[in-house]
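Engineer: Before we start, here is the structure in question, set down as structure tokens.
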Amino acid sequence: MLNAVNDVSFTVSAGEILGLVGESGSGKTVTGFSIMGLVDPPGRIAGGRILFKGRDLVGLPENEMRRLRGARIAMIFQDPMMTLNPVLRIETQMVEAVRAHADVSADEALARARNALGRVGIPSPDERLKAYPHQFSGGMRQRVAIATALINKPDLIIADEPTTALDVTIQGQILFEVQKLCCETGTALIWITHDLSVVASLADRVCVMYAGKIVEEGSVDAILDRPAHPYTHGLIGSVPSRNHKGTPLAQIPGVMPSMLDLPGGCSFRPRCARADRACETPPGVDEIGDGRRVRCVHPLVGAPA
Amino acid sequence: MTVFIVRRLIQSAIVLFAMSLIVFIGVYAIGNPVEIFLSGDADQAERERVIATLGLDRPLWEQYWLFIEGAARGDLGNSFVHNRPALQLIIERMPATMELALAAMALAIVFGIPLGMYAGFRPHSALGRGIMAGSILGFSLPTFWVGLMLIMIFAVELGWLPSTGRGQTANVFGIATSLATRDGLVHVLLPAFNLALFKLSLVIRLARAGVRENMLMDYVKFARAKGLSMRRVVFVHVLKNILIPIVTVLGLELGSVIAFSVVTETIFAWPGMGKLIIDSINHLDRPVIVAYLLVTVTLFIVINLVVDVLYSVLDPRVRLADVKG
């Protein structure tokens with residue numbers, strides 16, 4: 001058995017934006033899909049709890065999970081070119097999202113779809129509803145996907161790198177709009193990304209994931225200014241804009257280990273400058289004040305008592 | 001769309017012309033039909049008279065020119081054997097072949113898509129594997145053998161279904177069809193299944209591959225993340241996507257089913273075009289052979305056009321007016 005995600009624990013409150021940061025393969029997406037109950041077989045949730053408003057989602061019957069999905073917990077995917085069904089009109093795909101959860105007339109569902117498209121800044125929604133996905137640009141498609149996620153006014157949105165596939169100007173607009181929408185509606189948001197600059201401008205709190213585990217958690221300001229985990233420090237150091245012109249870009253040596261072949265003890269140990277004998281036993285999670293937690297024997301700030 | 005269709009019609013005319021030339025020369029090369037018509041004791045005078053009546057004494061290019069001239073007026077020549085217009089003979093036989101082909105296609109679609117989709121969703125189940133094994137048999141068993149076996153089992157041993165003929169026909173819009181009577185339907189069942197077997201296997205494979213491919217797509221996951229029921233995801237989202245390749249392939253195959261139902265028609269003594277062409281080839285009945293091939297080419301052209309239009313209806317990304325050249 002392979003543990004793609006292990007020992008991950010975090011909370012998101014209403015209206016809060018949590019950034020889930022990590023490299024490719026660190027388990028961010030699997031975490032998102034686990035919350036949605038959409039882990040593809042043969043993958044499964046082997047243990048643990050996922051509490052949503054006090055209710056455990058693990059082991060919930062498929063039918064009840066289906067009723068939560070899209071209604072109370074919505075998800076936005078990474079590649080907007082792939083998430084919409086190419087052969088169905090936008091209208092069909094949005095109306096079905098409404099009618100899967102609410103017993104409303106087709107007209108009412110259509111009105112909600114129009115409304116949702118308007119909220120994400122799509123001009124002349126009536127015309128757009130009749131269109132097919134291929135008639136939209138990537139940015140527009142992602143807006144449609146976001147509008148579809150928002151349509152039932154969910155309590156939690158899981159956004160899996162939704163701006164990664166978009167160009168920077170569109171990325172900025174979408175970030176701004178999502179932030180505004182969450183603020184207005186009190187929706188909690190889990191924003192999965194590998195891009196620290198996105199997190200910096202968007203999130204309230206950050207969880208940094210490495211090799212299927214959360215290695216550091218805290219408020220966005222604290223983590224970006226004073227990272228405690230050497231991995232977080234390395235990530236921040238490798239953001240191009242933070243480096244001076246002419247100096248080589250700082251990078252974390254090595255690559256993330258394969259989940260099939262994790263080193264014993266701390267998974268980051270082989271790549272870490274601070275590693276020593278003490279790192280050969282798996283580190284526990286330490287509270288280091290300010291609601292910050294870190295999974296490291298030698299944190300850069302707030303050494304454990 | 002109109003531009004597309006007009007352009008296609010012009011292309012079709014060129015194809016028909018080229019086809020007629022090839023067929024004409026080809027049939028000319030096969031042999032001299034006069035040897036078959038004349039009894040051995042016919043004298044030279046009678047022989048020359050027959051040759052002159054059939055127009056076989058003229059050079060090939062002149063024969064072809066006369067043929068084209070006639071074809072422009074809608075006259076593809078008279079059958080040497082039946083001494084009636086060849087086109088008329090073919091059109092008389094067409095409904096029988098058409099109904100057989102349509103019945104076969106209907107069987108292939110009605111059974112093929114659900115079976116293939118099941119095999120796609122449960123590829124490792126016993127039934128899923130069984131369906132795929134069956135489709136391999138459908139592909140590889142020769143039509144004539146399966147036809148004979150069907151007759152042996154269902155007509156001879158069990159006596160459930162009749163083995164030959166069209167049965168009772170009824171007129172629908174002036175066309176005699178056996179699909180409109182109970183007796184006719186009973187008659188069409190065996191030959192249609194025989195003809196459908198290959199297409200059925202094809203549809204099963206296409207549907208299975210389509211399901212397996214599409215279920216991994218992000219749009220399926222997104223549809224599920226919207227909280228849609230599995231039923232809606234499968235029967236609306238996935239089905240509409242897998243129909244695109246199925247419609248394309250089946251459209252093309254419909255032409256071949258009509259054109260090459262020869263074997264099935266021969267085994268089940270089905271009075272269609274296929275049986276006519278076999279008889280005509282045996283008698284070197286040139287006008288019928290040429291006319292049959294031209295009708296078949298026309299059918300292919302029409303079917304392809306319909307498939308293209310249908311395709312654009314199913315797949316919004318294809319808009320025919322935009323097609324260049």
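In the structure tokens, the first chain shown is A, the next is B, and so on; residue numbers restart at 1 for each chain, and ligands run from 1 in the order shown.
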Can you work out which residues from chain B touch chain A at a cut-off of 10 Å (counting only C-alpha atoms) and hand them back as an NGL selection string?
Structural biologist: :B and (216-230 or 232 or 236-238 or 240-241 or 244 or 313-317)
Engineer: Filtering to N, CA and C atoms, could you give me those residues as a PDB file, in the first residue's frame?
Structural biologist:
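The file below, result-v5.pdb, is the result:
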```
ATOM      1  N   LEU B 216     -11.893   8.715 -17.624  1.00  0.00           N
ATOM      2  CA  LEU B 216     -10.696   9.274 -16.990  1.00  0.00           C
ATOM      3  C   LEU B 216     -10.606  10.781 -17.204  1.00  0.00           C
ATOM      4  N   MET B 217     -11.496  11.318 -18.027  1.00  0.00           N
ATOM      5  CA  MET B 217     -11.412  12.736 -18.364  1.00  0.00           C
ATOM      6  C   MET B 217     -11.798  13.606 -17.169  1.00  0.00           C
ATOM      7  N   ASP B 218     -11.200  14.782 -17.138  1.00  0.00           N
ATOM      8  CA  ASP B 218     -11.512  15.720 -16.073  1.00  0.00           C
ATOM      9  C   ASP B 218     -12.985  16.111 -16.061  1.00  0.00           C
ATOM     10  N   TYR B 219     -13.585  16.164 -17.247  1.00  0.00           N
ATOM     11  CA  TYR B 219     -14.968  16.633 -17.258  1.00  0.00           C
ATOM     12  C   TYR B 219     -15.884  15.668 -16.510  1.00  0.00           C
ATOM     13  N   VAL B 220     -15.528  14.384 -16.495  1.00  0.00           N
ATOM     14  CA  VAL B 220     -16.325  13.425 -15.732  1.00  0.00           C
ATOM     15  C   VAL B 220     -16.171  13.703 -14.239  1.00  0.00           C
ATOM     16  N   LYS B 221     -14.939  13.960 -13.834  1.00  0.00           N
ATOM     17  CA  LYS B 221     -14.693  14.241 -12.426  1.00  0.00           C
ATOM     18  C   LYS B 221     -15.385  15.542 -12.017  1.00  0.00           C
ATOM     19  N   PHE B 222     -15.319  16.520 -12.904  1.00  0.00           N
ATOM     20  CA  PHE B 222     -15.964  17.795 -12.600  1.00  0.00           C
ATOM     21  C   PHE B 222     -17.478  17.615 -12.512  1.00  0.00           C
ATOM     22  N   ALA B 223     -18.016  16.802 -13.416  1.00  0.00           N
ATOM     23  CA  ALA B 223     -19.458  16.540 -13.382  1.00  0.00           C
ATOM     24  C   ALA B 223     -19.824  15.865 -12.062  1.00  0.00           C
ATOM     25  N   ARG B 224     -18.978  14.946 -11.618  1.00  0.00           N
ATOM     26  CA  ARG B 224     -19.254  14.288 -10.330  1.00  0.00           C
ATOM     27  C   ARG B 224     -19.091  15.272  -9.177  1.00  0.00           C
ATOM     28  N   ALA B 225     -18.110  16.170  -9.310  1.00  0.00           N
ATOM     29  CA  ALA B 225     -17.893  17.162  -8.252  1.00  0.00           C
ATOM     30  C   ALA B 225     -19.078  18.121  -8.154  1.00  0.00           C
ATOM     31  N   LYS B 226     -19.853  18.233  -9.234  1.00  0.00           N
ATOM     32  CA  LYS B 226     -21.057  19.060  -9.168  1.00  0.00           C
ATOM     33  C   LYS B 226     -22.166  18.357  -8.410  1.00  0.00           C
ATOM     34  N   GLY B 227     -21.937  17.067  -8.091  1.00  0.00           N
ATOM     35  CA  GLY B 227     -22.946  16.315  -7.349  1.00  0.00           C
ATOM     36  C   GLY B 227     -23.956  15.639  -8.246  1.00  0.00           C
ATOM     37  N   LEU B 228     -23.617  15.465  -9.535  1.00  0.00           N
ATOM     38  CA  LEU B 228     -24.542  14.765 -10.422  1.00  0.00           C
ATOM     39  C   LEU B 228     -24.556  13.292 -10.061  1.00  0.00           C
ATOM     40  N   SER B 229     -25.687  12.646 -10.327  1.00  0.00           N
ATOM     41  CA  SER B 229     -25.760  11.219 -10.077  1.00  0.00           C
ATOM     42  C   SER B 229     -24.918  10.509 -11.135  1.00  0.00           C
ATOM     43  N   MET B 230     -24.444   9.317 -10.796  1.00  0.00           N
ATOM     44  CA  MET B 230     -23.641   8.538 -11.729  1.00  0.00           C
ATOM     45  C   MET B 230     -24.430   8.319 -13.006  1.00  0.00           C
ATOM     46  N   ARG B 232     -26.606  10.250 -14.487  1.00  0.00           N
ATOM     47  CA  ARG B 232     -26.569  11.396 -15.399  1.00  0.00           C
ATOM     48  C   ARG B 232     -25.172  11.534 -16.030  1.00  0.00           C
ATOM     49  N   VAL B 236     -25.591  10.994 -19.942  1.00  0.00           N
ATOM     50  CA  VAL B 236     -25.605  12.274 -20.653  1.00  0.00           C
ATOM     51  C   VAL B 236     -24.182  12.668 -21.036  1.00  0.00           C
ATOM     52  N   HIS B 237     -23.308  12.771 -20.029  1.00  0.00           N
ATOM     53  CA  HIS B 237     -21.965  13.293 -20.315  1.00  0.00           C
ATOM     54  C   HIS B 237     -21.134  12.308 -21.129  1.00  0.00           C
ATOM     55  N   VAL B 238     -21.037  11.090 -20.659  1.00  0.00           N
ATOM     56  CA  VAL B 238     -20.163  10.126 -21.325  1.00  0.00           C
ATOM     57  C   VAL B 238     -20.792   9.638 -22.624  1.00  0.00           C
ATOM     58  N   LYS B 240     -22.848  10.937 -24.720  1.00  0.00           N
ATOM     59  CA  LYS B 240     -22.827  11.848 -25.865  1.00  0.00           C
ATOM     60  C   LYS B 240     -21.424  11.937 -26.465  1.00  0.00           C
ATOM     61  N   ASN B 241     -20.422  11.809 -25.637  1.00  0.00           N
ATOM     62  CA  ASN B 241     -19.062  11.842 -26.160  1.00  0.00           C
ATOM     63  C   ASN B 241     -18.687  10.573 -26.917  1.00  0.00           C
ATOM     64  N   ILE B 244     -19.836  10.095 -30.715  1.00  0.00           N
ATOM     65  CA  ILE B 244     -19.186  10.750 -31.857  1.00  0.00           C
ATOM     66  C   ILE B 244     -18.412   9.732 -32.716  1.00  0.00           C
ATOM     67  N   VAL B 313     -23.921  17.876 -35.821  1.00  0.00           N
ATOM     68  CA  VAL B 313     -24.988  18.042 -34.830  1.00  0.00           C
ATOM     69  C   VAL B 313     -24.515  17.523 -33.482  1.00  0.00           C
ATOM     70  N   LEU B 314     -23.809  16.385 -33.500  1.00  0.00           N
ATOM     71  CA  LEU B 314     -23.358  15.754 -32.254  1.00  0.00           C
ATOM     72  C   LEU B 314     -22.191  16.506 -31.633  1.00  0.00           C
ATOM     73  N   ASP B 315     -21.261  16.920 -32.478  1.00  0.00           N
ATOM     74  CA  ASP B 315     -20.062  17.542 -31.950  1.00  0.00           C
ATOM     75  C   ASP B 315     -20.041  19.021 -32.314  1.00  0.00           C
ATOM     76  N   PRO B 316     -20.326  19.872 -31.345  1.00  0.00           N
ATOM     77  CA  PRO B 316     -20.420  21.299 -31.641  1.00  0.00           C
ATOM     78  C   PRO B 316     -19.123  21.891 -32.159  1.00  0.00           C
ATOM     79  N   ARG B 317     -17.996  21.208 -31.927  1.00  0.00           N
ATOM     80  CA  ARG B 317     -16.723  21.757 -32.390  1.00  0.00           C
ATOM     81  C   ARG B 317     -16.586  21.661 -33.902  1.00  0.00           C
TER      82      ARG B 317
END
```
Engineer: Using only C-alpha atoms, which residues sit within 10 Å of Leu243 (chain B) once same-chain residues fewer than 6 positions away are excluded, as JSON, numbers by chain?
Structural biologist: {"B": [113, 203, 206, 207, 210, 249, 311, 314, 315]}
Engineer: Quick check for you: according to DSSP on this backbone, which residues of region 29-155 of chain B are classed as helix (DSSP H, G or I)? Reply as JSON, numbers by chain.
Structural biologist: {"B": [29, 30, 34, 35, 36, 37, 44, 45, 46, 47, 48, 49, 50, 51, 52, 53, 54, 60, 61, 62, 63, 64, 65, 66, 67, 68, 69, 70, 71, 72, 86, 87, 88, 89, 90, 91, 92, 93, 94, 95, 96, 97, 98, 99, 100, 101, 102, 103, 104, 105, 106, 107, 108, 109, 110, 111, 112, 113, 114, 115, 116, 117, 118, 119, 120, 121, 126, 127, 128, 129, 130, 131, 132, 133, 134, 135, 136, 137, 138, 139, 140, 143, 144, 145, 146, 147, 148, 149, 150, 151, 152, 153, 154, 155]}
Engineer: Quick one, how far is CA of Leu249 (chain A) from CA of Ser201 (chain A)?
Structural biologist: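 So the two atoms, CA of Leu249 (chain A) and CA of Ser201 (chain A), lie 22.1 Å apart.
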Engineer: Report as number ranges by chain all protein, DNA and RNA residues lying within 9 Å of region 270-281 of chain A, evaluated on only C-alpha atoms, omitting residues in the same chain fewer than 2 positions from it.
Structural biologist: A: 230-231, 252-257, 263-268, 283, 296-299
Engineer: Export N, CA, C and O atoms of the chosen residues as a short mmCIF file (atom, residue, chain, number, x, y, z; two decimals), in the first residue's frame?
Structural biologist:
```cif
data_model
loop_
_atom_site.label_atom_id
_atom_site.label_comp_id
_atom_site.auth_asym_id
_atom_site.auth_seq_id
_atom_site.Cartn_x
_atom_site.Cartn_y
_atom_site.Cartn_z
N PRO A 230 12.76 24.21 7.09
CA PRO A 230 13.78 24.45 6.05
C PRO A 230 13.21 24.32 4.63
O PRO A 230 13.64 25.01 3.73
N TYR A 231 12.20 23.44 4.47
CA TYR A 231 11.62 23.27 3.14
C TYR A 231 10.88 24.55 2.72
O TYR A 231 11.04 25.04 1.60
N ILE A 252 16.25 24.32 -4.14
CA ILE A 252 16.39 23.25 -3.16
C ILE A 252 17.08 22.10 -3.86
O ILE A 252 16.62 21.67 -4.91
N PRO A 253 18.21 21.63 -3.34
CA PRO A 253 18.92 20.55 -4.04
C PRO A 253 18.08 19.27 -4.08
O PRO A 253 17.27 19.02 -3.19
N GLY A 254 18.26 18.50 -5.15
CA GLY A 254 17.59 17.21 -5.25
C GLY A 254 16.14 17.34 -5.68
O GLY A 254 15.66 18.43 -5.99
N VAL A 255 15.44 16.23 -5.73
CA VAL A 255 14.02 16.23 -6.07
C VAL A 255 13.24 15.56 -4.95
O VAL A 255 13.81 14.89 -4.10
N MET A 256 11.93 15.77 -4.99
CA MET A 256 11.12 15.15 -3.96
C MET A 256 11.19 13.64 -4.12
O MET A 256 11.13 13.13 -5.24
N PRO A 257 11.35 12.90 -3.02
CA PRO A 257 11.49 11.44 -3.14
C PRO A 257 10.19 10.83 -3.67
O PRO A 257 9.12 11.38 -3.48
N PRO A 263 12.49 8.17 2.32
CA PRO A 263 13.55 7.93 3.31
C PRO A 263 12.94 7.80 4.71
O PRO A 263 11.89 8.38 4.97
N GLY A 264 13.60 7.03 5.55
CA GLY A 264 13.11 6.92 6.93
C GLY A 264 13.26 8.25 7.64
O GLY A 264 14.04 9.12 7.21
N GLY A 265 12.52 8.44 8.71
CA GLY A 265 12.61 9.70 9.45
C GLY A 265 11.96 10.82 8.68
O GLY A 265 10.95 10.62 8.03
N CYS A 266 12.56 12.01 8.76
CA CYS A 266 12.01 13.16 8.06
C CYS A 266 12.18 12.98 6.56
O CYS A 266 13.28 12.70 6.08
N SER A 267 11.09 13.14 5.78
CA SER A 267 11.16 12.91 4.34
C SER A 267 12.05 13.93 3.63
O SER A 267 12.56 13.69 2.55
N PHE A 268 12.22 15.08 4.25
CA PHE A 268 13.00 16.14 3.63
C PHE A 268 14.49 16.01 3.92
O PHE A 268 15.32 16.69 3.33
N PRO A 283 9.93 13.28 12.67
CA PRO A 283 9.66 14.39 13.57
C PRO A 283 8.18 14.52 13.87
O PRO A 283 7.34 14.20 13.02
N CYS A 296 9.37 19.65 12.35
CA CYS A 296 10.81 19.69 12.11
C CYS A 296 11.55 19.63 13.44
O CYS A 296 11.11 20.20 14.43
N VAL A 297 12.68 18.96 13.44
CA VAL A 297 13.50 18.86 14.65
C VAL A 297 14.33 20.12 14.82
O VAL A 297 14.63 20.56 15.92
N HIS A 298 14.71 20.71 13.68
CA HIS A 298 15.56 21.90 13.73
C HIS A 298 14.89 23.07 13.03
O HIS A 298 15.37 23.52 11.98
N PRO A 299 13.77 23.57 13.54
CA PRO A 299 13.09 24.68 12.84
C PRO A 299 13.95 25.94 12.87
O PRO A 299 14.79 26.10 13.75
#
```
Engineer: Mind checking which residues fall within 10 Å of region 252-266 of chain B, counting only C-alpha atoms, ignoring those fewer than 5 positions away in the same chain, and posting them as a VMD selection string?
Structural biologist: chain B and resid 94 96 to 102 104 to 105 143 to 144 146 to 148 164 to 165 190 to 196 198 to 199 202 247 271 to 278 292 to 293 295 to 304 307
Engineer: Near Val220 (chain A), counting only C-alpha atoms, which residues have an atom at most 12 Å away, once you skip same-chain residues fewer than 6 positions from it, shown as number ranges by chain?
Structural biologist: A: 16-21, 196-208, 226-227, 232, 290-292
Engineer: Enumerate as a PyMOL selection string all residues of region 267-304 of chain A assigned to strand (DSSP E or B) by DSSP on the backbone, naming them with the chain letters and numbers the document uses.
Structural biologist: chain A and resi 286-287+293-294
Engineer: Would you compute the distance between CA of Val144 (chain A) and CA of Leu117 (chain A)? Give it in Å to one decimal.
Structural biologist: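 Answer for the CA of Val144 (chain A) to CA of Leu117 (chain A) separation: 6.6 Å.
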Engineer: From the options B:Leu189, B:Ile151, B:Val34, B:Val318, which residue's atoms come nearest to Val81 (chain B), counting only C-alpha atoms?
Structural biologist: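 Looking at the shortest contact to Val81 (chain B), the residue is B:Val34.
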Engineer: Out of B:Val288, B:Leu310, B:Ala29, B:Ile267, which residue has the shortest atom-to-atom distance to Met149 (chain B) when counting only C-alpha atoms?
Structural biologist: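 Comparing B:Val288, B:Leu310, B:Ala29, B:Ile267 against Met149 (chain B), the winner is B:Ile267.
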